[in-house]
>>> print(open('run_19.cif').read())   # mmCIF, C-alpha atoms and all ligand atoms
data_query
loop_
_atom_site.group_PDB
_atom_site.id
_atom_site.type_symbol
_atom_site.label_atom_id
_atom_site.label_comp_id
_atom_site.auth_asym_id
_atom_site.auth_seq_id
_atom_site.Cartn_x
_atom_site.Cartn_y
_atom_site.Cartn_z
ATOM 1 C CA MET A 1 -9.908 53.100 -27.501
ATOM 2 C CA LYS A 2 -10.302 50.091 -29.808
ATOM 3 C CA SER A 3 -13.575 48.209 -29.686
ATOM 4 C CA GLU A 4 -11.738 45.048 -28.576
ATOM 5 C CA GLU A 5 -10.283 46.895 -25.571
ATOM 6 C CA LEU A 6 -13.701 48.350 -24.770
ATOM 7 C CA ASP A 7 -15.252 44.879 -24.900
ATOM 8 C CA ASN A 8 -12.574 43.548 -22.591
ATOM 9 C CA GLU A 9 -13.064 46.435 -20.162
ATOM 10 C CA LYS A 10 -16.810 45.852 -20.090
ATOM 11 C CA LYS A 11 -16.312 42.132 -19.550
ATOM 12 C CA GLN A 12 -13.959 42.745 -16.634
ATOM 13 C CA LEU A 13 -16.343 45.235 -15.069
ATOM 14 C CA ASP A 14 -19.238 42.759 -15.383
ATOM 15 C CA GLN A 15 -17.103 40.058 -13.747
ATOM 16 C CA LEU A 16 -16.125 42.419 -10.960
ATOM 17 C CA ILE A 17 -19.744 43.415 -10.243
ATOM 18 C CA LYS A 18 -20.823 39.757 -10.207
ATOM 19 C CA ALA A 19 -18.001 38.792 -7.841
ATOM 20 C CA VAL A 20 -18.749 41.640 -5.417
ATOM 21 C CA LEU A 21 -22.495 40.915 -5.412
ATOM 22 C CA LYS A 22 -21.771 37.279 -4.591
ATOM 23 C CA SER A 23 -20.356 38.264 -1.225
ATOM 24 C CA PRO A 24 -23.137 38.251 1.459
ATOM 25 C CA LYS A 25 -21.751 41.497 2.888
ATOM 26 C CA TYR A 26 -22.233 43.416 -0.375
ATOM 27 C CA ARG A 27 -25.158 41.715 -2.117
ATOM 28 C CA ASN A 28 -27.516 44.490 -1.011
ATOM 29 C CA VAL A 29 -25.332 47.335 -2.268
ATOM 30 C CA CYS A 30 -26.711 49.103 -5.332
ATOM 31 C CA GLU A 31 -25.045 47.969 -8.539
ATOM 32 C CA ASP A 32 -24.576 51.518 -9.688
ATOM 33 C CA LEU A 33 -22.163 52.197 -6.822
ATOM 34 C CA ILE A 34 -20.222 48.941 -7.340
ATOM 35 C CA LYS A 35 -19.874 49.868 -11.020
ATOM 36 C CA ASN A 36 -18.720 53.367 -10.134
ATOM 37 C CA ILE A 37 -16.041 52.160 -7.706
ATOM 38 C CA GLY A 38 -15.158 49.068 -9.757
ATOM 39 C CA LYS A 39 -14.392 51.132 -12.885
ATOM 40 C CA ARG A 40 -11.976 53.327 -10.937
ATOM 41 C CA GLU A 41 -10.297 50.346 -9.261
ATOM 42 C CA LEU A 42 -9.903 48.444 -12.557
ATOM 43 C CA SER A 43 -8.113 51.414 -14.088
ATOM 44 C CA LYS A 44 -5.726 51.660 -11.098
ATOM 45 C CA ARG A 45 -5.018 48.010 -10.268
ATOM 46 C CA LYS A 46 -2.819 45.346 -11.842
ATOM 47 C CA ASN A 47 -5.504 42.755 -12.441
ATOM 48 C CA LEU A 48 -9.146 41.832 -11.921
ATOM 49 C CA LYS A 49 -8.559 39.928 -8.678
ATOM 50 C CA ILE A 50 -6.854 42.903 -7.025
ATOM 51 C CA ALA A 51 -9.532 45.283 -8.355
ATOM 52 C CA ILE A 52 -12.280 43.090 -6.831
ATOM 53 C CA LYS A 53 -10.494 43.116 -3.481
ATOM 54 C CA SER A 54 -9.928 46.877 -3.490
ATOM 55 C CA THR A 55 -13.565 47.518 -4.532
ATOM 56 C CA LYS A 56 -14.720 45.471 -1.532
ATOM 57 C CA ASN A 57 -12.291 47.363 0.728
ATOM 58 C CA LYS A 58 -13.675 50.675 -0.442
ATOM 59 C CA LEU A 59 -17.274 49.505 0.072
ATOM 60 C CA HIS A 60 -16.281 48.495 3.575
ATOM 61 C CA GLN A 61 -14.751 51.910 4.330
ATOM 62 C CA ILE A 62 -17.723 53.912 3.059
ATOM 63 C CA GLY A 63 -20.550 51.731 4.378
ATOM 64 C CA GLY A 64 -19.894 48.232 5.722
ATOM 65 C CA ALA A 65 -17.593 49.348 8.535
ATOM 66 C CA TYR A 66 -20.382 51.354 10.172
ATOM 67 C CA PHE A 67 -22.552 48.341 11.041
ATOM 68 C CA LEU A 68 -21.832 46.992 14.525
ATOM 69 C CA LYS A 69 -23.612 43.753 13.704
ATOM 70 C CA LYS A 70 -25.459 42.172 10.820
ATOM 71 C CA PRO A 71 -28.788 44.017 10.637
ATOM 72 C CA ASN A 72 -31.845 41.968 11.575
ATOM 73 C CA TYR A 73 -34.412 44.107 9.819
ATOM 74 C CA CYS A 74 -37.362 41.653 10.100
ATOM 75 C CA PHE A 75 -36.916 41.311 13.843
ATOM 76 C CA TRP A 76 -36.500 45.077 14.273
ATOM 77 C CA LEU A 77 -39.656 45.808 12.280
ATOM 78 C CA GLU A 78 -41.615 43.428 14.478
ATOM 79 C CA LYS A 79 -40.308 45.206 17.593
ATOM 80 C CA LEU A 80 -41.153 48.614 16.120
ATOM 81 C CA ARG A 81 -44.684 47.481 15.193
ATOM 82 C CA LYS A 82 -45.292 46.107 18.682
ATOM 83 C CA ALA A 83 -43.953 49.262 20.341
ATOM 84 C CA LYS A 84 -46.086 51.497 18.099
ATOM 85 C CA LYS A 85 -49.179 49.381 18.691
ATOM 86 C CA SER A 86 -48.714 49.662 22.465
ATOM 87 C CA GLY A 87 -49.298 53.418 22.164
ATOM 88 C CA ASN A 88 -46.313 53.985 24.445
ATOM 89 C CA GLU A 89 -44.201 56.640 22.637
ATOM 90 C CA ASP A 90 -41.327 56.223 25.128
ATOM 91 C CA LEU A 91 -41.141 52.542 24.265
ATOM 92 C CA PHE A 92 -41.212 53.388 20.545
ATOM 93 C CA ARG A 93 -38.321 55.846 20.959
ATOM 94 C CA LYS A 94 -36.424 53.345 23.083
ATOM 95 C CA THR A 95 -36.787 50.774 20.304
ATOM 96 C CA CYS A 96 -35.585 53.279 17.687
ATOM 97 C CA ALA A 97 -32.594 54.150 19.906
ATOM 98 C CA GLU A 98 -31.714 50.494 20.371
ATOM 99 C CA ILE A 99 -31.696 49.929 16.602
ATOM 100 C CA MET A 100 -29.658 53.108 16.052
ATOM 101 C CA SER A 101 -27.041 51.769 18.450
ATOM 102 C CA TYR A 102 -26.094 49.158 15.802
ATOM 103 C CA HIS A 103 -24.776 51.766 13.355
ATOM 104 C CA TYR A 104 -21.738 53.791 14.423
ATOM 105 C CA SER A 105 -22.954 57.177 13.207
ATOM 106 C CA THR A 106 -26.310 57.085 14.969
ATOM 107 C CA ARG A 107 -24.776 55.322 17.978
ATOM 108 C CA GLU A 108 -22.410 58.262 18.509
ATOM 109 C CA ARG A 109 -25.384 60.627 18.415
ATOM 110 C CA LEU A 110 -27.571 58.809 20.965
ATOM 111 C CA ASN A 111 -26.337 60.862 23.930
ATOM 112 C CA ILE A 112 -27.052 64.169 22.241
ATOM 113 C CA LEU A 113 -30.368 63.354 20.516
ATOM 114 C CA ASP A 114 -32.368 65.582 22.854
ATOM 115 C CA GLN A 115 -30.316 68.706 22.127
ATOM 116 C CA PHE A 116 -29.238 67.966 18.560
ATOM 117 C CA TYR A 117 -32.547 68.583 16.754
ATOM 118 C CA VAL A 118 -33.848 71.203 19.200
ATOM 119 C CA GLN A 119 -30.759 73.325 18.530
ATOM 120 C CA ILE A 120 -30.709 72.851 14.769
ATOM 121 C CA PHE A 121 -34.450 73.411 14.281
ATOM 122 C CA SER A 122 -34.400 76.475 16.571
ATOM 123 C CA LEU A 123 -32.389 78.197 13.828
ATOM 124 C CA LEU A 124 -34.920 77.339 11.115
ATOM 125 C CA PRO A 125 -38.407 78.433 10.069
ATOM 126 C CA PRO A 126 -41.002 75.613 10.309
ATOM 127 C CA VAL A 127 -39.759 72.686 8.246
ATOM 128 C CA GLN A 128 -42.280 70.869 6.002
ATOM 129 C CA SER A 129 -39.917 68.635 4.042
ATOM 130 C CA ILE A 130 -36.566 66.983 4.728
ATOM 131 C CA MET A 131 -34.102 65.017 2.636
ATOM 132 C CA ASP A 132 -31.556 62.757 4.268
ATOM 133 C CA VAL A 133 -28.523 62.205 2.045
ATOM 134 C CA ALA A 134 -26.587 58.951 2.674
ATOM 135 C CA CYS A 135 -28.934 58.417 5.602
ATOM 136 C CA GLY A 136 -27.753 55.187 7.262
ATOM 137 C CA PHE A 137 -30.066 54.616 10.264
ATOM 138 C CA HIS A 138 -30.651 58.340 10.786
ATOM 139 C CA PRO A 139 -34.384 58.384 9.794
ATOM 140 C CA LEU A 140 -34.990 56.441 13.031
ATOM 141 C CA SER A 141 -34.306 59.781 14.752
ATOM 142 C CA ILE A 142 -37.471 61.327 13.281
ATOM 143 C CA PRO A 143 -39.328 60.900 16.630
ATOM 144 C CA TRP A 144 -36.816 63.365 18.181
ATOM 145 C CA MET A 145 -37.287 66.028 15.491
ATOM 146 C CA PRO A 146 -39.551 68.973 16.372
ATOM 147 C CA VAL A 147 -41.621 68.765 13.182
ATOM 148 C CA SER A 148 -45.309 68.439 12.404
ATOM 149 C CA GLU A 149 -46.689 64.975 11.697
ATOM 150 C CA LYS A 150 -47.275 66.144 8.118
ATOM 151 C CA VAL A 151 -43.552 66.514 7.454
ATOM 152 C CA LYS A 152 -42.331 64.771 4.292
ATOM 153 C CA TYR A 153 -39.119 62.782 4.624
ATOM 154 C CA TYR A 154 -36.943 61.526 1.735
ATOM 155 C CA ALA A 155 -33.963 59.321 2.546
ATOM 156 C CA PHE A 156 -31.188 58.003 0.269
ATOM 157 C CA ASP A 157 -28.555 55.338 0.785
ATOM 158 C CA VAL A 158 -26.815 52.595 -1.191
ATOM 159 C CA TYR A 159 -28.211 49.525 0.640
ATOM 160 C CA LYS A 160 -31.372 47.950 -0.793
ATOM 161 C CA ASP A 161 -32.298 46.090 2.410
ATOM 162 C CA LEU A 162 -31.751 49.215 4.518
ATOM 163 C CA THR A 163 -33.980 51.407 2.328
ATOM 164 C CA SER A 164 -36.728 48.715 2.323
ATOM 165 C CA PHE A 165 -36.521 48.642 6.116
ATOM 166 C CA LEU A 166 -36.751 52.439 6.293
ATOM 167 C CA ASN A 167 -39.797 52.464 4.005
ATOM 168 C CA GLU A 168 -41.506 50.029 6.386
ATOM 169 C CA PHE A 169 -40.391 52.119 9.352
ATOM 170 C CA MET A 170 -42.011 55.192 7.811
ATOM 171 C CA VAL A 171 -45.291 53.303 7.352
ATOM 172 C CA ILE A 172 -45.214 52.129 10.988
ATOM 173 C CA ASN A 173 -44.414 55.624 12.217
ATOM 174 C CA ASP A 174 -46.925 57.220 9.845
ATOM 175 C CA VAL A 175 -44.344 59.434 8.152
ATOM 176 C CA GLN A 176 -44.947 60.578 4.584
ATOM 177 C CA GLY A 177 -42.132 60.181 2.081
ATOM 178 C CA TYR A 178 -39.833 57.367 1.046
ATOM 179 C CA ALA A 179 -36.372 55.852 1.252
ATOM 180 C CA GLU A 180 -34.578 55.152 -2.015
ATOM 181 C CA VAL A 181 -31.457 53.310 -3.138
ATOM 182 C CA ARG A 182 -29.096 55.729 -4.820
ATOM 183 C CA ASP A 183 -25.414 56.432 -5.332
ATOM 184 C CA VAL A 184 -25.583 60.146 -4.573
ATOM 185 C CA THR A 185 -22.131 60.793 -6.016
ATOM 186 C CA GLN A 186 -23.477 59.938 -9.474
ATOM 187 C CA HIS A 187 -27.097 60.944 -9.071
ATOM 188 C CA ALA A 188 -27.770 63.665 -6.540
ATOM 189 C CA PRO A 189 -31.451 63.710 -5.458
ATOM 190 C CA GLU A 190 -33.447 66.029 -7.739
ATOM 191 C CA ILE A 191 -36.202 66.833 -5.236
ATOM 192 C CA ASN A 192 -36.474 70.159 -3.478
ATOM 193 C CA THR A 193 -36.890 70.297 0.325
ATOM 194 C CA ASP A 194 -36.780 72.841 3.142
ATOM 195 C CA LEU A 195 -33.922 71.042 4.881
ATOM 196 C CA ALA A 196 -31.271 68.531 3.853
ATOM 197 C CA PHE A 197 -29.300 66.435 6.325
ATOM 198 C CA ILE A 198 -25.821 65.535 5.087
ATOM 199 C CA LEU A 199 -24.564 64.025 8.304
ATOM 200 C CA ASN A 200 -21.103 62.474 8.727
ATOM 201 C CA THR A 201 -21.155 61.707 5.047
ATOM 202 C CA ILE A 202 -18.791 64.017 3.173
ATOM 203 C CA PRO A 203 -15.662 62.086 4.285
ATOM 204 C CA CYS A 204 -17.262 58.854 2.920
ATOM 205 C CA LEU A 205 -18.255 60.390 -0.417
ATOM 206 C CA GLU A 206 -14.800 61.918 -0.838
ATOM 207 C CA GLN A 207 -13.275 58.458 -0.560
ATOM 208 C CA ILE A 208 -15.121 57.531 -3.740
ATOM 209 C CA GLU A 209 -14.233 60.736 -5.561
ATOM 210 C CA LYS A 210 -12.328 63.711 -4.136
ATOM 211 C CA SER A 211 -14.706 66.259 -5.676
ATOM 212 C CA ALA A 212 -17.876 64.474 -4.431
ATOM 213 C CA GLY A 213 -18.195 66.565 -1.243
ATOM 214 C CA LEU A 214 -18.303 69.882 -3.062
ATOM 215 C CA LYS A 215 -20.529 68.457 -5.795
ATOM 216 C CA ILE A 216 -23.137 67.292 -3.301
ATOM 217 C CA LEU A 217 -23.148 70.611 -1.419
ATOM 218 C CA GLU A 218 -23.654 72.453 -4.703
ATOM 219 C CA SER A 219 -26.275 70.188 -6.203
ATOM 220 C CA ILE A 220 -28.647 69.606 -3.274
ATOM 221 C CA ASN A 221 -31.857 71.606 -3.685
ATOM 222 C CA ALA A 222 -32.714 72.653 -0.141
ATOM 223 C CA ASN A 223 -33.096 76.013 1.580
ATOM 224 C CA PHE A 224 -31.007 74.799 4.522
ATOM 225 C CA LEU A 225 -28.316 72.128 4.684
ATOM 226 C CA ALA A 226 -27.224 70.602 7.992
ATOM 227 C CA VAL A 227 -23.771 69.231 7.202
ATOM 228 C CA SER A 228 -21.842 67.411 9.902
ATOM 229 C CA PHE A 229 -18.526 65.727 10.626
ATOM 230 C CA PRO A 230 -17.710 63.180 13.337
ATOM 231 C CA ALA A 231 -15.424 64.126 16.223
ATOM 232 C CA GLN A 232 -13.897 60.644 16.368
ATOM 233 C CA THR A 233 -12.616 57.972 14.028
ATOM 234 C CA LEU A 234 -14.484 54.653 13.916
ATOM 235 C CA GLY A 235 -11.852 53.273 16.294
ATOM 236 C CA GLY A 236 -12.725 55.990 18.829
ATOM 237 C CA ARG A 237 -9.498 58.000 18.482
ATOM 238 C CA GLU A 238 -9.806 61.775 18.303
ATOM 239 C CA LYS A 239 -6.625 62.650 16.434
ATOM 240 C CA ASN A 240 -7.594 66.315 15.919
ATOM 241 C CA MET A 241 -10.462 65.201 13.732
ATOM 242 C CA LEU A 242 -12.575 68.295 14.308
ATOM 243 C CA LYS A 243 -9.775 70.666 13.293
ATOM 244 C CA HIS A 244 -9.094 68.616 10.203
ATOM 245 C CA TYR A 245 -12.738 68.443 9.104
ATOM 246 C CA GLU A 246 -13.396 72.079 9.878
ATOM 247 C CA ALA A 247 -10.472 73.062 7.653
ATOM 248 C CA ARG A 248 -11.824 70.771 4.909
ATOM 249 C CA PHE A 249 -15.324 72.241 5.183
ATOM 250 C CA ASN A 250 -13.956 75.814 5.114
ATOM 251 C CA LYS A 251 -11.995 74.977 1.969
ATOM 252 C CA LEU A 252 -15.052 73.498 0.275
ATOM 253 C CA THR A 253 -17.203 76.539 1.003
ATOM 254 C CA GLN A 254 -14.637 79.370 0.828
ATOM 255 C CA GLU A 255 -15.873 80.710 -2.503
ATOM 256 C CA LYS A 256 -19.558 80.440 -1.719
ATOM 257 C CA ASP A 257 -21.733 83.306 -0.557
ATOM 258 C CA TRP A 258 -23.732 80.960 1.679
ATOM 259 C CA VAL A 259 -24.575 81.953 5.267
ATOM 260 C CA ILE A 260 -22.976 79.388 7.564
ATOM 261 C CA GLN A 261 -23.646 78.798 11.270
ATOM 262 C CA ARG A 262 -21.495 76.455 13.359
ATOM 263 C CA LEU A 263 -22.840 74.186 16.101
ATOM 264 C CA GLU A 264 -20.517 72.017 18.136
ATOM 265 C CA PHE A 265 -21.857 68.955 19.941
ATOM 266 C CA GLY A 266 -19.627 66.540 21.844
ATOM 267 C CA SER A 267 -19.472 63.905 19.153
ATOM 268 C CA GLU A 268 -20.260 65.928 16.072
ATOM 269 C CA LEU A 269 -19.579 69.278 14.423
ATOM 270 C CA VAL A 270 -22.514 70.688 12.448
ATOM 271 C CA PHE A 271 -22.539 73.479 9.874
ATOM 272 C CA LEU A 272 -25.916 74.892 9.009
ATOM 273 C CA ILE A 273 -25.805 76.353 5.507
ATOM 274 C CA THR A 274 -28.415 78.775 4.196
ATOM 275 C CA LYS A 275 -28.212 78.779 0.410
HETATM 276 C C1 LIG M 1 -20.922 57.645 8.123
HETATM 277 S S1 LIG M 1 -22.414 56.949 7.626
HETATM 278 C C2 LIG M 1 -23.522 58.282 7.988
HETATM 279 C C3 LIG M 1 -24.942 57.845 8.138
HETATM 280 C C4 LIG M 1 -25.939 58.949 8.532
HETATM 281 N N1 LIG M 1 -25.869 60.067 7.650
HETATM 282 C C5 LIG M 1 -25.704 59.393 9.957
HETATM 283 O O1 LIG M 1 -25.003 60.379 10.166
HETATM 284 O O2 LIG M 1 -26.217 58.738 10.867
HETATM 285 C C6 LIG M 1 -22.249 57.077 5.885
HETATM 286 C C7 LIG M 1 -23.441 56.561 5.102
HETATM 287 O O3 LIG M 1 -23.254 56.908 3.730
HETATM 288 C C8 LIG M 1 -23.746 55.862 2.915
HETATM 289 N N2 LIG M 1 -23.096 56.051 1.606
HETATM 290 C C9 LIG M 1 -21.797 55.883 1.302
HETATM 291 N N3 LIG M 1 -21.578 56.170 0.006
HETATM 292 C C10 LIG M 1 -22.769 56.542 -0.519
HETATM 293 C C11 LIG M 1 -23.176 56.958 -1.814
HETATM 294 N N4 LIG M 1 -22.316 57.042 -2.811
HETATM 295 N N5 LIG M 1 -24.480 57.263 -2.017
HETATM 296 C C12 LIG M 1 -25.377 57.174 -0.982
HETATM 297 N N6 LIG M 1 -25.034 56.778 0.266
HETATM 298 C C13 LIG M 1 -23.750 56.474 0.494
HETATM 299 C C14 LIG M 1 -23.334 54.611 3.690
HETATM 300 O O4 LIG M 1 -24.055 53.482 3.300
HETATM 301 C C15 LIG M 1 -23.614 55.043 5.130
HETATM 302 O O5 LIG M 1 -24.935 54.741 5.502
#
>>> encode(input="run_19.cif", output="structure tokens", more="lines below")
Ligand SMILES: C[S@@+](CC[C@H](N)C(=O)[O-])C[C@H]1O[C@@H](n2cnc3c(N)ncnc32)[C@H](O)[C@@H]1O
Amino acid sequence: MKSEELDNEKKQLDQLIKAVLKSPKYRNVCEDLIKNIGKRELSKRKNLKIAIKSTKNKLHQIGGAYFLKKPNYCFWLEKLRKAKKSGNEDLFRKTCAEIMSYHYSTRERLNILDQFYVQIFSLLPPVQSIMDVACGFHPLSIPWMPVSEKVKYYAFDVYKDLTSFLNEFMVINDVQGYAEVRDVTQHAPEINTDLAFILNTIPCLEQIEKSAGLKILESINANFLAVSFPAQTLGGREKNMLKHYEARFNKLTQEKDWVIQRLEFGSELVFLITK
């Protein structure tokens, strides 16, 4: 490619990133992800304007659509602090559950929280460290996990404000670890943990890049991977989702010699992989 064309491409990509970041809905999304999606959209679309629109659409599908309302992180942190300070663990859990109800993935899991972790962890040796890939609000479920208070928790997502909130949440709840902004399709976490949660996430990552699901399963350094798929679409329709995702998961793992256990909950299908 000529240097003039390269310059033009770079200029267009810079303009696209600037335009996307200007929108209040996407200003907290990590630039790395916007660049990743923007590059692909610019190569597919007729002009810059259309590429900006389709980049925003994609960001909506893989992240924005899951928020039921605009997050009010400051207010939520205050509530969490108050609940923690009261010493009433039921109130603290209730506050976590209320916040989780504002994100579709955790909202769908609220009714099964009590069995979800008990069943998964009953199949594992004691877990000292956990990574949560494309975490959303899921770290707020830590109080339901049967782990020691020394457990280390590492969470990754593409929203800067969300990861800041989660870092504060971990301080309030006295959990060691951190939350970090990261496009996991480009930079899989390098750390090594006992368990990795990859919950309801593969379909999102595969919308960015078809091979991203397999890549993440291969590159995560954890002894056990809890990989799940939702039973319903965001609109609440079932449309044979479980069958479809199970077939997809089987295809992704068919050539692997991993041990795989299947756990079906009402709203979610979980595969526990031992690498
Ligand atoms: C369906 S939600 C699942 C959230 C969480 N794992 C759960 O099950 O509660 C998908 C999450 O993936 C995040 N995400 C999408 N693309 C990502 C990427 N490339 N890197 C990291 N996180 C990503 C979104 O921001 C969103 O929080």
>>> residues_near_ligand(input="run_19.cif", ligand="ligand LIG 1 (chain M)", cutoff="9 Å", atoms="only C-alpha atoms and all ligand atoms", output="MDAnalysis selection string")
chainID A and resid 29 33 36 59 61:67 100 103:109 132:139 156:159 162 181:188 197:208 212 228:230
>>> atom_distance(input="run_19.cif", atom1="atom CA of Met131 of chain A", atom2="atom CA of Thr193 of chain A")
6.4 Å
>>> atom_distance(input="run_19.cif", atom1="atom CA of Tyr154 of chain A", atom2="atom CA of Lys256 of chain A")
25.9 Å
>>> atom_distance(input="run_19.cif", atom1="atom CA of Ile130 of chain A", atom2="atom CA of Phe116 of chain A")
15.7 Å
>>> closest_residue(input="run_19.cif", among="A:Leu91, A:Ala83, A:Leu68, A:Met145", to="Tyr117 of chain A", atoms="all atoms listed in the file")
A:Met145
>>> residues_around(input="run_19.cif", residues="Ser122 of chain A", least_positions_apart="2", cutoff="12 Å", atoms="all atoms listed in the file", output="PyMOL selection string")
chain A and resi 115-120+124-127+145-147+263+272
>>> write_last_selection(input="run_19.cif", atoms="C-alpha atoms", output="compact mmCIF listing (two decimals), keeping the file's coordinate frame")
# COMPACT_ATOMS: atom_id res chain seq x y z
CA GLN A 115 -30.32 68.71 22.13
CA PHE A 116 -29.24 67.97 18.56
CA TYR A 117 -32.55 68.58 16.75
CA VAL A 118 -33.85 71.20 19.20
CA GLN A 119 -30.76 73.32 18.53
CA ILE A 120 -30.71 72.85 14.77
CA LEU A 124 -34.92 77.34 11.12
CA PRO A 125 -38.41 78.43 10.07
CA PRO A 126 -41.00 75.61 10.31
CA VAL A 127 -39.76 72.69 8.25
CA MET A 145 -37.29 66.03 15.49
CA PRO A 146 -39.55 68.97 16.37
CA VAL A 147 -41.62 68.76 13.18
CA LEU A 263 -22.84 74.19 16.10
CA LEU A 272 -25.92 74.89 9.01
>>> residues_near_point(input="run_19.cif", point="(-21.7, 79.3, 6.8)", cutoff="8 Å", atoms="all atoms listed in the file", output="PyMOL selection string")
chain A and resi 253+258-262+271-274
>>> resolve_selection(input="run_19.cif", expression="the PyMOL selection byres (((chain A and resi 164) around 12) and not hetatm)", output="number ranges by chain")
A: 28, 73-74, 77, 137, 155-163, 165-171, 178-181
>>> resolve_selection(input="run_19.cif", expression="the PyMOL selection byres (((chain A and resi 268) around 6) and not hetatm)", output="list of chain:residue names")
A:Phe229, A:Pro230, A:Ala231, A:Phe265, A:Gly266, A:Ser267, A:Leu269
>>> axis_aligned_box(input="run_19.cif", around="segment 185-196 of chain A", padding_each_side="5 Å", output="JSON")
{"center_x": -29.5, "center_y": 66.4, "center_z": -2.3, "size_x": 24.8, "size_y": 22.9, "size_z": 24.4}
>>> resolve_selection(input="run_19.cif", expression="the PyMOL selection byres (((chain A and resi 51) around 12) and not hetatm)", output="PyMOL selection string")
chain A and resi 12-13+15-17+19-20+34-35+37-50+52-58
>>> decode(input="run_19.cif", residues="segment 204-220 of chain A", atoms="N, CA and C atoms", output="mmCIF file, in the first residue's frame")
data_model
loop_
_atom_site.group_PDB
_atom_site.id
_atom_site.type_symbol
_atom_site.label_atom_id
_atom_site.label_comp_id
_atom_site.auth_asym_id
_atom_site.auth_seq_id
_atom_site.Cartn_x
_atom_site.Cartn_y
_atom_site.Cartn_z
ATOM 1 N N CYS A 204 -20.483 -12.603 22.167
ATOM 2 C CA CYS A 204 -20.118 -11.177 21.977
ATOM 3 C C CYS A 204 -18.771 -11.081 21.263
ATOM 4 N N LEU A 205 -17.788 -11.834 21.756
ATOM 5 C CA LEU A 205 -16.441 -11.740 21.171
ATOM 6 C C LEU A 205 -16.459 -12.190 19.711
ATOM 7 N N GLU A 206 -17.299 -13.170 19.406
ATOM 8 C CA GLU A 206 -17.341 -13.675 18.025
ATOM 9 C C GLU A 206 -18.023 -12.691 17.074
ATOM 10 N N GLN A 207 -18.710 -11.698 17.647
ATOM 11 C CA GLN A 207 -19.266 -10.661 16.765
ATOM 12 C C GLN A 207 -18.182 -9.691 16.314
ATOM 13 N N ILE A 208 -17.106 -9.619 17.101
ATOM 14 C CA ILE A 208 -15.987 -8.755 16.707
ATOM 15 C C ILE A 208 -15.138 -9.502 15.676
ATOM 16 N N GLU A 209 -14.874 -10.762 15.966
ATOM 17 C CA GLU A 209 -14.020 -11.569 15.100
ATOM 18 C C GLU A 209 -14.428 -13.030 15.277
ATOM 19 N N LYS A 210 -14.747 -13.697 14.180
ATOM 20 C CA LYS A 210 -15.302 -15.057 14.265
ATOM 21 C C LYS A 210 -14.392 -16.015 15.054
ATOM 22 N N SER A 211 -13.074 -15.817 14.939
ATOM 23 C CA SER A 211 -12.169 -16.772 15.593
ATOM 24 C C SER A 211 -11.891 -16.413 17.063
ATOM 25 N N ALA A 212 -12.511 -15.322 17.560
ATOM 26 C CA ALA A 212 -12.163 -14.823 18.907
ATOM 27 C C ALA A 212 -12.549 -15.800 20.019
ATOM 28 N N GLY A 213 -13.627 -16.552 19.829
ATOM 29 C CA GLY A 213 -14.079 -17.496 20.860
ATOM 30 C C GLY A 213 -13.033 -18.577 21.087
ATOM 31 N N LEU A 214 -12.589 -19.191 19.998
ATOM 32 C CA LEU A 214 -11.599 -20.257 20.113
ATOM 33 C C LEU A 214 -10.282 -19.695 20.662
ATOM 34 N N LYS A 215 -9.914 -18.518 20.158
ATOM 35 C CA LYS A 215 -8.646 -17.911 20.598
ATOM 36 C C LYS A 215 -8.642 -17.698 22.107
ATOM 37 N N ILE A 216 -9.760 -17.222 22.641
ATOM 38 C CA ILE A 216 -9.779 -16.929 24.080
ATOM 39 C C ILE A 216 -9.734 -18.241 24.886
ATOM 40 N N LEU A 217 -10.455 -19.253 24.406
ATOM 41 C CA LEU A 217 -10.419 -20.539 25.136
ATOM 42 C C LEU A 217 -9.002 -21.107 25.147
ATOM 43 N N GLU A 218 -8.297 -20.935 24.034
ATOM 44 C CA GLU A 218 -6.937 -21.488 23.946
ATOM 45 C C GLU A 218 -5.933 -20.687 24.764
ATOM 46 N N SER A 219 -6.126 -19.362 24.803
ATOM 47 C CA SER A 219 -5.050 -18.549 25.376
ATOM 48 C C SER A 219 -5.168 -18.308 26.880
ATOM 49 N N ILE A 220 -6.347 -18.534 27.453
ATOM 50 C CA ILE A 220 -6.496 -18.262 28.893
ATOM 51 C C ILE A 220 -5.676 -19.274 29.717
#
